[in-house]
>>> print(open('start_17.txt').read())   # compact mmCIF, C-alpha atoms
# COMPACT_ATOMS: atom_id res chain seq x y z
CA MET R 9 -90.63 -92.21 -45.15
CA GLU R 10 -92.23 -89.06 -43.67
CA VAL R 11 -89.76 -89.16 -40.76
CA MET R 12 -86.81 -89.44 -43.17
CA VAL R 13 -88.08 -86.49 -45.22
CA ALA R 14 -88.55 -84.41 -42.05
CA VAL R 15 -85.04 -85.27 -40.86
CA ALA R 16 -83.60 -84.34 -44.26
CA ILE R 17 -85.43 -81.00 -44.29
CA THR R 18 -84.29 -80.27 -40.72
CA ALA R 19 -80.70 -81.10 -41.61
CA LEU R 20 -80.86 -78.86 -44.69
CA MET R 21 -82.26 -75.99 -42.64
CA GLY R 22 -79.56 -76.49 -40.01
CA THR R 23 -76.86 -76.36 -42.70
CA VAL R 24 -78.27 -73.14 -44.16
CA VAL R 25 -78.45 -71.53 -40.71
CA ALA R 26 -74.88 -72.63 -39.88
CA MET R 27 -73.58 -71.19 -43.15
CA ALA R 28 -75.38 -67.91 -42.46
CA PHE R 29 -73.83 -67.71 -38.99
CA GLN R 30 -70.38 -68.49 -40.40
CA SER R 31 -70.70 -65.78 -43.05
CA GLY R 32 -71.86 -63.33 -40.40
CA PHE R 33 -68.87 -64.09 -38.15
CA GLN R 34 -66.46 -63.74 -41.08
CA ALA R 35 -67.98 -60.39 -42.04
CA LYS R 36 -67.77 -59.24 -38.41
CA GLU R 37 -64.08 -60.18 -38.21
CA THR R 38 -63.34 -58.40 -41.49
CA ILE R 39 -65.11 -55.21 -40.40
CA GLU R 40 -63.39 -55.25 -37.01
CA GLY R 41 -60.00 -55.77 -38.67
CA ASP R 42 -60.58 -52.82 -41.04
CA ALA R 43 -61.74 -50.63 -38.14
CA GLU R 44 -58.63 -51.51 -36.11
CA HIS R 45 -56.43 -50.73 -39.14
CA TYR R 46 -57.87 -47.23 -39.50
CA ARG R 47 -57.84 -46.68 -35.73
CA GLN R 48 -54.10 -47.40 -35.69
CA LEU R 49 -53.61 -45.05 -38.62
CA ARG R 50 -55.47 -42.17 -36.96
CA THR R 51 -53.76 -42.75 -33.62
CA ALA R 52 -50.29 -42.81 -35.19
CA MET R 53 -50.88 -39.65 -37.22
CA ASN R 54 -52.37 -37.76 -34.27
CA ARG R 55 -49.46 -38.72 -32.03
CA MET R 56 -46.88 -37.75 -34.64
CA ALA R 57 -48.56 -34.40 -35.27
CA ARG R 58 -48.61 -33.64 -31.54
CA GLU R 59 -44.95 -34.58 -31.01
CA ILE R 60 -43.68 -32.79 -34.12
CA GLY R 61 -45.70 -29.71 -33.13
CA ALA R 62 -43.66 -29.59 -29.89
CA ALA R 63 -40.30 -29.82 -31.69
CA PHE R 64 -37.59 -27.40 -30.59
CA VAL R 65 -33.90 -26.62 -31.02
CA SER R 66 -31.84 -24.94 -28.31
CA ASP R 67 -28.42 -23.30 -28.15
CA ARG R 68 -28.45 -23.70 -24.37
CA TYR R 69 -25.80 -26.39 -24.14
CA ASP R 70 -22.36 -26.76 -22.58
CA PRO R 71 -19.86 -25.50 -25.20
CA LYS R 72 -17.08 -27.44 -23.48
CA ARG R 73 -18.93 -30.69 -24.10
CA PHE R 74 -20.76 -29.91 -27.35
CA ARG R 75 -18.78 -28.03 -29.99
CA ASP R 76 -21.42 -26.42 -32.24
CA GLN R 77 -24.79 -27.02 -33.90
CA ASN R 78 -23.44 -30.21 -35.51
CA ASP R 79 -22.84 -31.70 -32.08
CA ARG R 80 -25.50 -30.09 -29.87
CA PRO R 81 -27.99 -32.45 -28.16
CA THR R 82 -31.05 -30.85 -29.78
CA ASN R 83 -31.61 -30.66 -33.52
CA PHE R 84 -34.21 -31.21 -36.23
CA ILE R 85 -32.96 -33.69 -38.84
CA GLY R 86 -35.65 -34.24 -41.44
CA GLU R 87 -35.33 -36.46 -44.49
CA GLN R 88 -37.95 -37.61 -46.96
CA ASP R 89 -38.46 -40.98 -45.24
CA ARG R 90 -37.02 -40.40 -41.76
CA LEU R 91 -37.34 -37.72 -39.09
CA THR R 92 -35.20 -37.27 -35.95
CA PHE R 93 -35.85 -34.31 -33.67
CA SER R 94 -35.91 -33.02 -30.11
CA SER R 95 -39.36 -32.39 -28.68
CA MET R 96 -41.04 -31.09 -25.54
CA SER R 97 -43.69 -33.80 -25.63
CA ASN R 98 -42.28 -36.41 -23.25
CA GLN R 99 -44.77 -37.89 -20.79
CA ARG R 100 -43.36 -39.44 -17.64
CA LEU R 101 -44.92 -42.81 -16.97
CA TYR R 102 -43.41 -43.37 -13.53
CA THR R 103 -43.49 -41.12 -10.49
CA ASP R 104 -40.15 -39.52 -9.56
CA SER R 105 -38.50 -40.78 -12.73
CA LYS R 106 -35.44 -38.75 -13.75
CA GLU R 107 -37.01 -37.32 -16.88
CA THR R 108 -38.23 -33.94 -18.10
CA ASP R 109 -40.67 -33.01 -20.85
CA GLN R 110 -37.79 -33.14 -23.34
CA VAL R 111 -37.18 -36.18 -25.54
CA VAL R 112 -35.43 -37.18 -28.76
CA ILE R 113 -37.81 -38.88 -31.19
CA GLU R 114 -37.16 -40.69 -34.45
CA TYR R 115 -39.70 -42.00 -36.97
CA SER R 116 -38.64 -44.54 -39.59
CA VAL R 117 -39.92 -47.59 -41.47
CA LYS R 118 -38.34 -50.96 -40.65
CA SER R 119 -38.95 -54.60 -41.52
CA SER R 120 -41.17 -56.37 -39.01
CA PRO R 121 -39.45 -59.01 -36.84
CA ASP R 122 -42.79 -60.79 -36.39
CA GLU R 123 -43.96 -61.24 -39.98
CA ARG R 124 -42.10 -61.66 -43.24
CA ASN R 125 -42.62 -59.15 -46.06
CA ARG R 126 -44.20 -56.65 -43.66
CA GLN R 127 -42.91 -53.20 -42.81
CA ASP R 128 -43.85 -51.18 -39.74
CA LEU R 129 -43.61 -47.53 -38.79
CA VAL R 130 -41.29 -47.45 -35.78
CA ARG R 131 -40.94 -44.72 -33.16
CA ARG R 132 -37.70 -44.48 -31.19
CA ALA R 133 -37.74 -42.28 -28.09
CA ASN R 134 -34.88 -41.29 -25.81
CA PRO R 135 -35.68 -39.00 -22.84
CA LEU R 136 -31.98 -38.42 -22.12
CA LEU R 137 -30.63 -35.53 -24.20
CA GLU R 138 -26.98 -36.12 -23.41
CA GLY R 139 -25.34 -37.57 -26.49
CA ASP R 140 -25.73 -38.63 -30.10
CA MET R 141 -29.32 -38.15 -31.27
CA ASP R 142 -29.03 -41.20 -33.53
CA ARG R 143 -28.51 -43.58 -30.62
CA GLY R 144 -30.23 -44.74 -27.46
CA GLY R 145 -33.81 -44.98 -26.35
CA THR R 146 -36.49 -47.59 -26.92
CA GLU R 147 -38.43 -48.53 -30.03
CA ASP R 148 -42.17 -49.13 -30.42
CA VAL R 149 -44.33 -49.89 -33.45
CA LEU R 150 -46.70 -47.04 -34.25
CA PHE R 151 -48.37 -48.54 -37.32
CA GLU R 152 -48.20 -52.08 -38.71
CA GLY R 153 -48.11 -52.92 -42.39
CA ILE R 154 -47.09 -49.55 -43.79
CA LYS R 155 -45.62 -49.39 -47.28
CA LYS R 156 -43.88 -46.04 -46.93
CA VAL R 157 -43.84 -42.84 -44.92
CA GLU R 158 -43.05 -39.47 -46.47
CA PHE R 159 -42.20 -36.17 -44.80
CA ALA R 160 -42.18 -32.70 -46.34
CA TYR R 161 -41.11 -29.46 -44.65
CA TRP R 162 -42.63 -26.05 -45.29
CA ASP R 163 -40.19 -23.22 -46.01
CA SER R 164 -42.14 -20.10 -44.99
CA GLU R 165 -39.64 -17.77 -46.67
CA ARG R 166 -39.71 -19.40 -50.09
CA LYS R 167 -43.31 -20.58 -49.73
CA GLU R 168 -42.57 -24.14 -50.83
CA TRP R 169 -42.25 -27.68 -49.50
CA LYS R 170 -38.75 -29.11 -48.97
CA ASP R 171 -37.74 -32.78 -49.00
CA GLU R 172 -35.25 -32.27 -46.18
CA TRP R 173 -34.52 -29.94 -43.28
CA ASP R 174 -31.35 -30.19 -41.19
CA THR R 175 -30.60 -27.68 -38.40
CA ARG R 176 -27.03 -28.97 -38.20
CA ARG R 177 -26.33 -26.98 -41.35
CA THR R 178 -25.21 -23.39 -40.90
CA GLU R 179 -28.01 -21.94 -43.02
CA ARG R 180 -30.65 -23.85 -41.03
CA LYS R 181 -29.17 -23.85 -37.52
CA ASP R 182 -31.56 -21.21 -36.14
CA ASP R 183 -34.81 -22.16 -37.90
CA LEU R 184 -37.30 -25.01 -38.01
CA PRO R 185 -40.00 -25.55 -40.63
CA THR R 186 -43.26 -23.92 -39.70
CA ARG R 187 -45.18 -27.01 -40.84
CA VAL R 188 -44.44 -30.67 -41.49
CA ARG R 189 -46.56 -32.77 -43.84
CA ILE R 190 -46.87 -36.46 -42.90
CA THR R 191 -47.98 -38.97 -45.53
CA PHE R 192 -48.64 -42.67 -44.99
CA ILE R 193 -48.76 -45.05 -47.97
CA ALA R 194 -50.62 -48.20 -46.93
CA LEU R 195 -53.04 -50.80 -48.26
CA ASP R 196 -56.76 -50.22 -47.84
CA GLU R 197 -59.42 -52.88 -47.17
CA ASN R 198 -59.37 -53.83 -50.87
CA GLY R 199 -55.61 -54.34 -50.98
CA LYS R 200 -54.93 -51.17 -52.96
CA GLU R 201 -52.28 -48.62 -52.03
CA GLN R 202 -53.70 -45.38 -50.63
CA ARG R 203 -52.12 -42.15 -49.40
CA TYR R 204 -53.18 -40.64 -46.09
CA SER R 205 -51.86 -37.20 -45.16
CA THR R 206 -51.95 -34.73 -42.30
CA GLN R 207 -49.92 -31.71 -41.23
CA ALA R 208 -48.27 -30.64 -37.99
CA ARG R 209 -47.69 -26.99 -37.13
CA VAL R 210 -44.36 -26.42 -35.34
CA MET R 211 -44.95 -23.90 -32.57
CA LEU R 212 -41.31 -23.10 -31.67
CA ASN R 213 -39.79 -22.62 -35.11
CA THR R 214 -36.78 -20.51 -34.01
CA VAL R 215 -33.83 -21.61 -31.92
CA LEU R 216 -33.88 -21.02 -28.15
CA GLN R 217 -30.94 -18.68 -27.61
CA ARG R 218 -28.49 -18.94 -24.73
>>> encode(input="start_17.txt", output="structure tokens")
Amino acid sequence: MEVMVAVAITALMGTVVAMAFQSGFQAKETIEGDAEHYRQLRTAMNRMAREIGAAFVSDRYDPKRFRDQNDRPTNFIGEQDRLTFSSMSNQRLYTDSKETDQVVIEYSVKSSPDERNRQDLVRRANPLLEGDMDRGGTEDVLFEGIKKVEFAYWDSERKEWKDEWDTRRTERKDDLPTRVRITFIALDENGKEQRYSTQARVMLNTVLQR
């Protein structure tokens, strides 16, 4: 009888210890997942701010090949939920690759091919500034599980934020916004939507003349 009681007590203690370990591992996984989520968010915002800060527009193009600012290979095309621009932030990954520091970058939100009902922030980059800015390049996911991305563009003359900025238009062809506000709308660790914002200062906010 004493042996049976001892075995029962030992088994009960083992069960309690196992449950404690299981709870600890689950908490560890949850904390690590939340930390990775916020790490991705910070990394994506920092990268976007750096690349947007190096945005530029140039009139130094071949007029025989490109007609005007509507067709030139460098522009800044900003919408509320999408941004396409030329930037001097390209980093060559391979020695002797035929690339410069110039690149066309696009940020947009697309449905994930890996998981249903999930949207990702996608970055498209094309280091060849030779044709249509809306085409070419490769795509990479910057941030998984985003609900929405919002851009706003600071008009330094009128001292107000604009929902769009397009240097293909005649009135904008020589100017870029001095600042761009980037806002992520994503779920936090409690499943609630939160807004995370940062700003990028555009250093070259006037066109590079011929």
>>> residues_around(input="start_17.txt", residues="Ile85 (chain R)", least_positions_apart="2", cutoff="9 Å", atoms="only C-alpha atoms", output="tab-separated table (two decimals) with C-alpha atoms, in the coordinates of the input")
chain	number	residue	atom	x	y	z
R	83	ASN	CA	-31.61	-30.66	-33.52
R	87	GLU	CA	-35.33	-36.46	-44.49
R	90	ARG	CA	-37.02	-40.40	-41.76
R	91	LEU	CA	-37.34	-37.72	-39.09
R	92	THR	CA	-35.20	-37.27	-35.95
R	93	PHE	CA	-35.85	-34.31	-33.67
R	172	GLU	CA	-35.25	-32.27	-46.18
R	173	TRP	CA	-34.52	-29.94	-43.28
R	174	ASP	CA	-31.35	-30.19	-41.19
R	175	THR	CA	-30.60	-27.68	-38.40
R	176	ARG	CA	-27.03	-28.97	-38.20
>>> closest_residue(input="start_17.txt", among="R:Thr191, R:Val215, R:Phe159, R:Val149", to="Ser94 (chain R)", atoms="only C-alpha atoms")
R:Val215
>>> closest_residue(input="start_17.txt", among="R:Asp183, R:Glu59, R:Asp196, R:Asp109", to="Leu212 (chain R)", atoms="only C-alpha atoms")
R:Asp183
>>> closest_residue(input="start_17.txt", among="R:Leu195, R:Leu101, R:Leu184, R:Ala133", to="Glu152 (chain R)", atoms="all atoms listed in the file")
R:Leu195
>>> atom_distance(input="start_17.txt", atom1="CA of Gln48 (chain R)", atom2="CA of Ile154 (chain R)")
10.9 Å
>>> residues_around(input="start_17.txt", residues="Arg100 (chain R)", least_positions_apart="6", cutoff="12 Å", atoms="all atoms listed in the file", output="list of chain:residue names")
R:Lys106, R:Glu107, R:Thr108, R:Asp109, R:Gln110, R:Val111, R:Asn134, R:Pro135
>>> atom_distance(input="start_17.txt", atom1="CA of Asp140 (chain R)", atom2="CA of Ala57 (chain R)")
23.8 Å
>>> residues_near_point(input="start_17.txt", point="(-46.0, -26.0, -30.7)", cutoff="9 Å", atoms="only C-alpha atoms", output="PyMOL selection string")
chain R and resi 58-64+96+208-213
>>> closest_residue(input="start_17.txt", among="R:Arg73, R:Lys156, R:Arg50, R:His45", to="Glu197 (chain R)", atoms="all atoms listed in the file")
R:His45
>>> residues_near_point(input="start_17.txt", point="(-54.2, -38.0, -44.7)", cutoff="10 Å", atoms="all atoms listed in the file", output="list in words")
Leu49, Arg50, Met53, Arg189, Ile190, Thr191, Phe192, Ile193, Gln202, Arg203, Tyr204, Ser205, Thr206 and Gln207 of chain R
>>> closest_residue(input="start_17.txt", among="R:Ser116, R:Met21, R:Asp171, R:Met56", to="Asp142 (chain R)", atoms="all atoms listed in the file")
R:Ser116
>>> atom_distance(input="start_17.txt", atom1="CA of Lys72 (chain R)", atom2="CA of Leu137 (chain R)")
15.8 Å
>>> closest_residue(input="start_17.txt", among="R:Tyr115, R:Phe84, R:Tyr161, R:Phe151", to="Arg132 (chain R)", atoms="all atoms listed in the file")
R:Tyr115
>>> residues_around(input="start_17.txt", residues="region 78-81 of chain R", least_positions_apart="3", cutoff="8 Å", atoms="all atoms listed in the file", output="list in words")
Asp67, Tyr69, Phe74, Arg75, Leu137, Glu138, Gly139, Asp140, Met141, Arg176 and Arg177 of chain R
>>> build_atoms(input="start_17.txt", residues="region 138-151 of chain R", atoms="N, CA and C atoms", output="PDB file, in the coordinates of the input")
ATOM      1  N   GLU R 138     -28.359 -36.257 -23.887  1.00  0.00           N
ATOM      2  CA  GLU R 138     -26.980 -36.120 -23.410  1.00  0.00           C
ATOM      3  C   GLU R 138     -25.941 -36.503 -24.452  1.00  0.00           C
ATOM      4  N   GLY R 139     -26.339 -37.095 -25.545  1.00  0.00           N
ATOM      5  CA  GLY R 139     -25.340 -37.570 -26.490  1.00  0.00           C
ATOM      6  C   GLY R 139     -25.823 -37.546 -27.918  1.00  0.00           C
ATOM      7  N   ASP R 140     -25.391 -38.528 -28.689  1.00  0.00           N
ATOM      8  CA  ASP R 140     -25.730 -38.630 -30.100  1.00  0.00           C
ATOM      9  C   ASP R 140     -27.231 -38.862 -30.264  1.00  0.00           C
ATOM     10  N   MET R 141     -27.877 -38.016 -31.064  1.00  0.00           N
ATOM     11  CA  MET R 141     -29.320 -38.150 -31.270  1.00  0.00           C
ATOM     12  C   MET R 141     -29.692 -39.420 -32.019  1.00  0.00           C
ATOM     13  N   ASP R 142     -28.748 -40.005 -32.741  1.00  0.00           N
ATOM     14  CA  ASP R 142     -29.030 -41.200 -33.530  1.00  0.00           C
ATOM     15  C   ASP R 142     -28.975 -42.482 -32.715  1.00  0.00           C
ATOM     16  N   ARG R 143     -28.677 -42.381 -31.434  1.00  0.00           N
ATOM     17  CA  ARG R 143     -28.510 -43.580 -30.620  1.00  0.00           C
ATOM     18  C   ARG R 143     -29.348 -43.499 -29.349  1.00  0.00           C
ATOM     19  N   GLY R 144     -29.567 -44.681 -28.753  1.00  0.00           N
ATOM     20  CA  GLY R 144     -30.230 -44.740 -27.460  1.00  0.00           C
ATOM     21  C   GLY R 144     -31.740 -44.740 -27.556  1.00  0.00           C
ATOM     22  N   GLY R 145     -32.358 -44.977 -26.414  1.00  0.00           N
ATOM     23  CA  GLY R 145     -33.810 -44.980 -26.350  1.00  0.00           C
ATOM     24  C   GLY R 145     -34.424 -46.339 -26.602  1.00  0.00           C
ATOM     25  N   THR R 146     -35.735 -46.354 -26.675  1.00  0.00           N
ATOM     26  CA  THR R 146     -36.490 -47.590 -26.920  1.00  0.00           C
ATOM     27  C   THR R 146     -37.348 -47.426 -28.165  1.00  0.00           C
ATOM     28  N   GLU R 147     -37.640 -48.543 -28.806  1.00  0.00           N
ATOM     29  CA  GLU R 147     -38.430 -48.530 -30.030  1.00  0.00           C
ATOM     30  C   GLU R 147     -39.795 -49.171 -29.812  1.00  0.00           C
ATOM     31  N   ASP R 148     -40.810 -48.583 -30.445  1.00  0.00           N
ATOM     32  CA  ASP R 148     -42.170 -49.130 -30.420  1.00  0.00           C
ATOM     33  C   ASP R 148     -42.762 -48.999 -31.813  1.00  0.00           C
ATOM     34  N   VAL R 149     -43.650 -49.925 -32.154  1.00  0.00           N
ATOM     35  CA  VAL R 149     -44.330 -49.890 -33.450  1.00  0.00           C
ATOM     36  C   VAL R 149     -45.537 -48.971 -33.347  1.00  0.00           C
ATOM     37  N   LEU R 150     -45.573 -47.957 -34.217  1.00  0.00           N
ATOM     38  CA  LEU R 150     -46.700 -47.040 -34.250  1.00  0.00           C
ATOM     39  C   LEU R 150     -47.804 -47.526 -35.188  1.00  0.00           C
ATOM     40  N   PHE R 151     -47.389 -48.121 -36.321  1.00  0.00           N
ATOM     41  CA  PHE R 151     -48.370 -48.540 -37.320  1.00  0.00           C
ATOM     42  C   PHE R 151     -47.836 -49.756 -38.060  1.00  0.00           C
TER      43      PHE R 151
END
